[in-house]
Amino acid sequence: MKAGLRIEGFDDADRNLARLEAMGDIEPLKDIGMDALEPVADSARALVRRRTGTLGNSIHTGDRLSPAQAALNRPEPGTVEVYAGPGPLPQAITEEFGTVHEGAHPYMRPAWDSRVSDVQDRLRGGLGKRLDRIVKG
């Protein structure tokens with residue numbers, strides 16, 4: 001009598017793994033991340049002092065840094081990075097951290113601190129919906 005071993009189910013596992021690869025599509029993940037950061041941007045816009053409105057109007061979410069910021073940034077391979085904050089304006093830094101002549105008027109850190117749980121909830125929800133769509137086909 002010939003002994004043998006038969007393993008089944010690998011075809012299903014391969015199909016499921018191939019569907020999960022779609023979870024790594026960058027553009028939908030960027031959209032989820034930017035949507036999740038929107039409460040931080042909203043809070044920062046509300047907290048920033050308004051003189052001319054330029055700084056407050058420059059606060060947004062996105063997936064690109066200014067050229068100066070990008071030169072200093074070294075993202076991990078395979079990661080998706082999104083950002084919330086002001087445009088590349090000198091007053092963005094001096095407003096947040098102050099100068100030798102004027103005290104700080106933070107707006108980004110308090111916005112993050114007050115909305116981090118909202119960001120986590122929105123990420124959890126967005127990624128969960130995406131995973132459900134992928135798994136269900």
# chains A, B, ... in the order shown; residues from 1 in each chain; ligands from 1

$ residues_around --residues "Ala46 (chain A)" --least-positions-apart "5" --cutoff "10 Å" --atoms "only C-alpha atoms" --output "PyMOL selection string"
chain A and resi 40-41+56+107+111

$ write_last_selection --atoms "N, CA, C and O atoms" --output "PDB file, in the first residue's frame"
ATOM      1  N   VAL A  40      -7.532  67.558  12.426  1.00  0.00           N
ATOM      2  CA  VAL A  40      -6.365  68.295  12.924  1.00  0.00           C
ATOM      3  C   VAL A  40      -6.225  69.606  12.171  1.00  0.00           C
ATOM      4  O   VAL A  40      -6.012  70.667  12.767  1.00  0.00           O
ATOM      5  N   ALA A  41      -6.360  69.547  10.845  1.00  0.00           N
ATOM      6  CA  ALA A  41      -6.262  70.768  10.042  1.00  0.00           C
ATOM      7  C   ALA A  41      -7.381  71.743  10.410  1.00  0.00           C
ATOM      8  O   ALA A  41      -7.143  72.949  10.531  1.00  0.00           O
ATOM      9  N   GLY A  56      -3.490  80.940   8.160  1.00  0.00           N
ATOM     10  CA  GLY A  56      -4.653  80.079   8.387  1.00  0.00           C
ATOM     11  C   GLY A  56      -5.170  79.452   7.111  1.00  0.00           C
ATOM     12  O   GLY A  56      -5.538  78.273   7.088  1.00  0.00           O
ATOM     13  N   TYR A 107      -0.417  76.376  17.527  1.00  0.00           N
ATOM     14  CA  TYR A 107      -1.693  76.014  16.924  1.00  0.00           C
ATOM     15  C   TYR A 107      -1.669  74.582  16.390  1.00  0.00           C
ATOM     16  O   TYR A 107      -2.676  73.886  16.457  1.00  0.00           O
ATOM     17  N   ALA A 111      -3.697  71.410  18.197  1.00  0.00           N
ATOM     18  CA  ALA A 111      -4.670  70.796  17.284  1.00  0.00           C
ATOM     19  C   ALA A 111      -4.480  69.288  17.236  1.00  0.00           C
ATOM     20  O   ALA A 111      -5.450  68.526  17.288  1.00  0.00           O
TER      21      ALA A 111
END

$ residues_around --residues "Gly125 (chain A)" --least-positions-apart "5" --cutoff "12 Å" --atoms "only C-alpha atoms" --output "PyMOL selection string"
chain A and resi 32-33+35-36+118-120+130-132

$ residues_around --residues "Gly62 (chain A)" --least-positions-apart "6" --cutoff "7 Å" --atoms "only C-alpha atoms" --output "PyMOL selection string"
chain A and resi 34+82-84

$ select_by_dssp --residues "chain A" --states "strand (DSSP E or B)" --output "ChimeraX atom specification"
/A:60-62,83-85

$ residues_around --residues "Leu47 (chain A)" --least-positions-apart "4" --cutoff "12 Å" --atoms "only C-alpha atoms" --output "list in words"
Val40, Ala41, Asp42, Ser43, Leu55, Gly56, Ile59, Glu95, Glu96, His105, Pro106, Tyr107, Met108, Arg109, Pro110, Ala111, Trp112 and Ser114 of chain A

$ atom_distance --atom1 "CA of Val100 (chain A)" --atom2 "CA of His60 (chain A)"
27.8 Å

$ closest_residue --among "A:Gly78, A:Gly103, A:Pro39, A:Pro86" --to "Gly53 (chain A)" --atoms "only C-alpha atoms"
A:Pro86
